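Each remark here refers to the structure printed beneath this line.
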Amino acid sequence: MITIKDLNVWYRDNKILDNINLDVPRNVILTIMGPSGSGKSTLLRAINRLIEIYPGVRVEGEIYVDGVNVFKARTEDVRRNIGMVFQIPNPIPNMSIFDNVALGPKLNKLVKSESELRDIVKWALEKAYLWDEVKNRLKEPAAKLSGGQQQRLCIARALAMKPKVILMDEPTSNLDPVATNRIEELMVELKKIVTVVLVTHNPAQAARVSDYVAFLYKGRLVEVGSSSQIFTSPKNELTEKYITGRIG
Amino acid sequence: MIDLRGLKSKVMVAAISILAILPFIPIVHLFFTVVVNGIYAISQNFPGFFYMERSIPGSGVIGGVGPYIIGTAILVSIATLIGVPLSILIAIYASEFIQSRLTNVGDVIITTLFEFPTIIIGLMTFALISVLNDMIRIYLLIDVELPKFSVLSGSIALTIVMLPFLYVQIKESLRSIPISIREAAYSLGLSRIKANFYIFLVYARGSIVTSILIAISKIMGETAPLLFTAFGSDFYTISDPGFLFKPIGSLTLAIYNLGLSPYEEWIATAWGAAFILLLMVLSLYIIARYIARGAYLR
C-alpha cells in the first residue's frame with residue numbers, strides 16, 4: 001500500500017530523516033514511535049507532501065502510495081487521497097460542524113449534488129462515532145465542541161474525502177484518557193476501510209492499537225516489525241531501551 | 001508628625017488623575033458642541049434636513065443636507081467596492097509569498113502610502129487623470145477628456161486612502177493564521193487559491209470585517225482627498241445619467257464649504273452635517289468593535 005524507498009529529508013543544513021525504507025500493507029495500523037525530535041512527524045508529512053509547505057525543506061527518495069509515486073503526482077491529488085489528523089484538533093472554529101466535514105468533498109468537487117454531500121457528511125460523522133452527538137447541532141460552529149469531539153470531527157473531515165490512507169500525528173496527545181480511549185477504538189474500527197499510519201511517542205498506545213510498529217530514533221529507522229514482535233522480543237537494543245522507558 | 005510619604009503619594013495621585021482627565025476635556029467639548037449645535041440645526045427643519053438641498057442665504061430658513069448624504073454614500077460605496085477586493089487580493093499575495101521581491105517592494109510602497117498626507121493623494125489623483133488625458137490624446141489620438149472633478153476621481157482618491165490601511169490589517173490577519181489551520185487546509189488537497197478564499201478568509205473573517213468597517217469610517221470622514229477630485233456640489237446630481245463623470249458633494253466638503261461661509265443658515269447646516277457624519281462614523285465604529293469582540297471570543 002505505502003512503500004518508502006531511500007527517503008532523505010533535510011531542513012536547511014540539518015538532516016532530519018536518514019535513508020528511510022518502509023513498507024506498509026493495506027488495511028493495517030502502522031505506528032511510528034520514537035522520542036521527540038526523532039523525525040516522526042516529518043516522515044508522516046513526507047507521505048502526503050505536506051512537508052513542502054514549510055520553506056527550507058528538501059526531500060530525496062521515493063514514496064509510493066497505491067502504486068503512485070507521490071513526488072511525481074500533483075500535490076493536490078496526493079493530499080486528496082491521503083487524509084490527515086493532527087496533534088492539536090484543528091477544525092475551522094468559526095465554520096459550522098457540517099461545513100467542516102463538507103469542506104473536502106465540496107471544494108474538491110467530489111460530489112454532484114447537495115443530497116450526496118449530506119450523505120457523505122453523515123457517513124463520515126457516523127464512521128467517526130460523532131453523528132449521534134452532533135446530528136441536531138450541525139449548524140453550530142465547530143468551536144463549541146469539546147476537544148475530543150473536535151478531534152473526531154477532524155477524523156470525519158479526513159474520512160469525507162474517502163481516502164485510502166489516513167495519517168495521524170499524535171492525535172490523542174492533547175486529549176484526556178476517556179477521549180483518548182474513544183479515538184483508539186475508532187482507529188481499530190477505521191482500519192477496515194483505510195490504512196492508518198499513526199505517530200505517537202507513547203509506546204503503550206502503540207502496543208494497544210497497532211499491527212506493525214516502526215521505531216524511529218534520531219532520523220534513522222531502527223527497527224520495524226509486527227507489534228507483538230517489537231513489544232515482546234525487540235531485536236535492537238535501542239528499541240528495547242525505548243519501550244522499557246530508558247530513553248525518550 | 002506629618003506623614004510626608006503619605007502626603008507625597010496623595011499629591012502625585014491627584015496630579016496623575018488630573019493629567020489623565022485633561023485629554024478628555026477637548027474630546028468631550030468637541031463632541032458636545034457638535035451634538036448640541038447639530039441637533040439644534042436639524043430640529044429647525046425636521047425631517048426635511050435629511051433630504052432637502054441647502055437653503056438660500058438670508059432667507060432665515062435652514063435647508064438640508066440630502067445631496068451631501070447621497071454624495072458621501074456614493075463616494076464611499078464605490079471606493080469600498082474597488083478598495084476591499086483589491087486590498088484582499090494584494091494582502092493574500094503578500095501573506096502567501098512572504099519572501100518574494102514583489103512583496104517586499106510592494107509592502108514598502110503601500111506602507112509609505114499609508115503615511116502620505118491625504119491632500120497629496122487628492123492632488124496625485126488629479127495629476128494622474130491629467131496625465132491619462134494627455135496620454136489618451138497623444139497615443140490613442142482620441143479627443144476624450146476624463147473628467148478631473150467627478151464621482152469617479154473622488155472614489156479613486158478615497159480608494160487610495162483606504163487601500164494601505166486595509167492591506168496592512170488584512171495582511172496581518174492572514175499572516176497570524178496558525179500553522180495548524182494552514183496544515184488542515186492543505187491536507188485536504190486544496191490549492192493555495194482555494195485554501196485562501198474558502199478557509200483562511202473565513203477563519204479571519206471577524207478581524208477582516210472589523211478592519212473593513214473601520215476603513216469605511218475612516219474614508220467617510222476624509223475631506224482633503226476630495227477637494228481636487230469630487231470637488232463638491234450642492235445639488236442632487238444622481239438624476240443625471242452621467243452623474244459619475246460630474247462633481248459631487250459630500251458631508252465633509254459641505255462642512256468645509258458651508259462652515260466657512262458668512263451665512264448663518266449655512267453655518268447651522270454645517271453643524272447638522274457634522275452631527276450626522278459623527279453619528280455615521282461612530283455607529284460604524286461601534287459595530288466594528290462589537291464584531292471584533294465576537295471574533296476574539298469565537
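All residue names refer to the C-alpha cells as shown: chains lettered A, B, ... in order, residues numbered from 1 in each chain, ligands numbered from 1 in order.
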For this session: Would you list the contacts of segment 250-267 of chain B as a PyMOL selection string, taking every protein, DNA or RNA residue within 9 Å and counting only C-alpha atoms, but skipping same-chain residues closer than 4 positions in sequence?
Result: chain B and resi 41+54-63+65+67-73+75+220-224+226-227+230-234+271-274+276-277
Problem set entry | Contact residues (chain A, partner chain B, 7 Å, only C-alpha atoms) as a list of chain:residue names |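 Only these qualify: A:Leu50, A:Glu76, A:Asp77, A:Arg79, A:Arg80, A:Gly83, A:Met84, A:Asn90, A:Ile92, A:Asn94, A:Gly104, A:Ala143.
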Selected residues, N, CA and C atoms, written as a CSV table (one decimal), in the first residue's frame, please.
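Generated output (selection-v3.csv):
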```csv
chain,number,residue,atom,x,y,z
A,50,LEU,N,2.9,17.2,2.7
A,50,LEU,CA,2.6,18.4,3.5
A,50,LEU,C,3.8,19.2,3.9
A,76,GLU,N,-2.0,18.3,-5.0
A,76,GLU,CA,-3.4,18.3,-4.7
A,76,GLU,C,-4.0,16.9,-4.7
A,77,ASP,N,-3.6,16.2,-5.8
A,77,ASP,CA,-4.2,14.8,-5.9
A,77,ASP,C,-3.6,13.9,-4.8
A,79,ARG,N,-2.7,14.7,-1.8
A,79,ARG,CA,-3.3,15.0,-0.5
A,79,ARG,C,-4.7,14.6,-0.4
A,80,ARG,N,-5.4,14.7,-1.6
A,80,ARG,CA,-6.8,14.3,-1.6
A,80,ARG,C,-7.0,12.8,-1.3
A,83,GLY,N,-5.8,11.2,3.9
A,83,GLY,CA,-6.3,12.1,4.9
A,83,GLY,C,-5.3,12.3,6.0
A,84,MET,N,-5.5,13.4,6.8
A,84,MET,CA,-4.6,13.6,7.9
A,84,MET,C,-5.3,14.2,9.1
A,90,ASN,N,-7.8,20.6,14.8
A,90,ASN,CA,-7.8,21.9,14.1
A,90,ASN,C,-9.0,22.0,13.1
A,92,ILE,N,-12.0,24.3,11.5
A,92,ILE,CA,-12.1,25.7,11.4
A,92,ILE,C,-13.1,26.2,12.4
A,94,ASN,N,-14.8,28.9,13.3
A,94,ASN,CA,-16.0,29.6,13.1
A,94,ASN,C,-16.8,29.1,11.9
A,104,GLY,N,-13.8,19.3,2.3
A,104,GLY,CA,-13.1,18.5,1.4
A,104,GLY,C,-13.9,18.1,0.1
A,143,ALA,N,-16.2,25.3,17.1
A,143,ALA,CA,-15.5,25.7,18.3
A,143,ALA,C,-16.3,25.3,19.6
```
Within 8 Å of Thr180 of chain A, counting only C-alpha atoms, which residues show up once you throw out same-chain ones fewer than 5 positions away? Write them as a PDB file with C-alpha atoms, in the first residue's frame, please.
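Writing done, so here's result-v2.pdb:
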```
ATOM      1  CA  GLY A 148     -12.226  15.043  21.941  1.00  0.00           C
ATOM      2  CA  THR A 172      -4.504  11.913  21.335  1.00  0.00           C
ATOM      3  CA  LEU A 175      -6.903  14.713  24.971  1.00  0.00           C
TER       4      LEU A 175
END
```
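Between atom CA of Ala157 of chain B and atom CA of Tyr139 of chain B the separation is 25.1 Å.
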For this session: Please provide as a list in words all residues within 9 Å of segment 239-241 of chain A, with the sequence filter that same-chain residues fewer than 3 positions apart are discarded (counting only C-alpha atoms).
Result: Gly34, Phe215, Leu216, Tyr217, Val222, Glu223, Ile230, Phe231, Ser233, Pro234, Lys235, Asn236, Thr244, Gly245, Arg246, Ile247 and Gly248 of chain A
For this session: Can you list, as number ranges by chain, all residues belonging to segment 8-229 of chain A that DSSP tags as strand (DSSP E)?
Result: A: 8-11, 14-24, 29-33, 57-65, 68-69, 82-85, 165-169, 195-200, 212-217, 220-226
Problem set entry | Spatial neighbours of Phe275 of chain B, max dist 9 Å, only C-alpha atoms, sep filter under 2 positions, as number ranges by chain | B: 31, 34-39, 270-273, 277-280
With C-alpha atoms retained, write the just-selected residues as a compact mmCIF listing (two decimals), in the first residue's frame.
```txt
# COMPACT_ATOMS: atom_id res chain seq x y z
CA PHE B 31 -18.43 66.06 20.98
CA VAL B 34 -21.25 69.10 17.61
CA VAL B 35 -24.17 67.29 19.25
CA VAL B 36 -25.83 70.42 20.65
CA ASN B 37 -25.38 72.60 17.55
CA GLY B 38 -26.16 69.70 15.23
CA ILE B 39 -29.37 68.68 16.95
CA ALA B 270 -22.71 72.60 8.50
CA TRP B 271 -23.24 71.79 12.20
CA GLY B 272 -26.07 69.47 11.27
CA ALA B 273 -23.91 67.78 8.65
CA LEU B 277 -21.28 62.43 9.95
CA LEU B 278 -20.24 61.89 13.56
CA LEU B 279 -23.23 59.62 14.10
CA MET B 280 -22.44 57.57 10.97
```
For this session: Compile the contact shell of Glu140 of chain A as a list of chain:residue names: residues with an atom at most 12 Å away, counting only C-alpha atoms, same-chain residues fewer than 3 positions apart removed.
Result: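 Result of the neighbour search: A:Ile92, A:Pro93, A:Asn94, A:Met95, A:Ser96, A:Ile97, A:Phe98, A:Asp99, A:Asn100, A:Val134, A:Lys135, A:Asn136, A:Arg137, A:Ala143, A:Lys144, A:Leu145, B:Arg298.
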Go ahead and write the selection's residues with N, CA and C atoms as an mmCIF file, in the first residue's frame.
```
data_model
loop_
_atom_site.group_PDB
_atom_site.id
_atom_site.type_symbol
_atom_site.label_atom_id
_atom_site.label_comp_id
_atom_site.auth_asym_id
_atom_site.auth_seq_id
_atom_site.Cartn_x
_atom_site.Cartn_y
_atom_site.Cartn_z
ATOM 1 N N ILE A 92 -11.996 24.260 11.542
ATOM 2 C CA ILE A 92 -12.063 25.707 11.355
ATOM 3 C C ILE A 92 -13.095 26.200 12.377
ATOM 4 N N PRO A 93 -12.660 26.917 13.435
ATOM 5 C CA PRO A 93 -13.525 27.144 14.593
ATOM 6 C C PRO A 93 -14.811 27.897 14.284
ATOM 7 N N ASN A 94 -14.757 28.861 13.350
ATOM 8 C CA ASN A 94 -15.968 29.640 13.092
ATOM 9 C C ASN A 94 -16.774 29.114 11.914
ATOM 10 N N MET A 95 -16.475 27.893 11.496
ATOM 11 C CA MET A 95 -17.270 27.251 10.462
ATOM 12 C C MET A 95 -18.166 26.223 11.155
ATOM 13 N N SER A 96 -19.310 25.931 10.575
ATOM 14 C CA SER A 96 -20.225 25.004 11.249
ATOM 15 C C SER A 96 -19.667 23.581 11.209
ATOM 16 N N ILE A 97 -20.222 22.747 12.081
ATOM 17 C CA ILE A 97 -19.794 21.346 12.141
ATOM 18 C C ILE A 97 -19.974 20.695 10.771
ATOM 19 N N PHE A 98 -21.137 20.944 10.172
ATOM 20 C CA PHE A 98 -21.417 20.372 8.852
ATOM 21 C C PHE A 98 -20.391 20.843 7.824
ATOM 22 N N ASP A 99 -20.160 22.151 7.782
ATOM 23 C CA ASP A 99 -19.257 22.702 6.774
ATOM 24 C C ASP A 99 -17.838 22.178 6.932
ATOM 25 N N ASN A 100 -17.422 21.966 8.184
ATOM 26 C CA ASN A 100 -16.085 21.436 8.398
ATOM 27 C C ASN A 100 -15.911 20.084 7.721
ATOM 28 N N VAL A 134 -23.831 15.047 17.401
ATOM 29 C CA VAL A 134 -23.943 16.339 16.714
ATOM 30 C C VAL A 134 -25.097 16.425 15.723
ATOM 31 N N LYS A 135 -25.874 15.330 15.558
ATOM 32 C CA LYS A 135 -26.849 15.342 14.460
ATOM 33 C C LYS A 135 -27.874 16.460 14.586
ATOM 34 N N ASN A 136 -28.117 16.930 15.827
ATOM 35 C CA ASN A 136 -29.096 18.006 15.999
ATOM 36 C C ASN A 136 -28.465 19.397 16.045
ATOM 37 N N ARG A 137 -27.160 19.472 15.905
ATOM 38 C CA ARG A 137 -26.497 20.777 16.005
ATOM 39 C C ARG A 137 -25.460 20.967 14.908
ATOM 40 N N ALA A 143 -16.229 25.315 17.086
ATOM 41 C CA ALA A 143 -15.540 25.684 18.321
ATOM 42 C C ALA A 143 -16.332 25.285 19.565
ATOM 43 N N LYS A 144 -17.645 25.037 19.381
ATOM 44 C CA LYS A 144 -18.456 24.698 20.558
ATOM 45 C C LYS A 144 -18.269 23.255 21.012
ATOM 46 N N LEU A 145 -17.606 22.443 20.205
ATOM 47 C CA LEU A 145 -17.401 21.046 20.594
ATOM 48 C C LEU A 145 -16.248 20.928 21.589
ATOM 49 N N ARG B 298 -14.647 33.738 19.685
ATOM 50 C CA ARG B 298 -15.103 32.549 18.943
ATOM 51 C C ARG B 298 -14.528 31.219 19.453
#
```
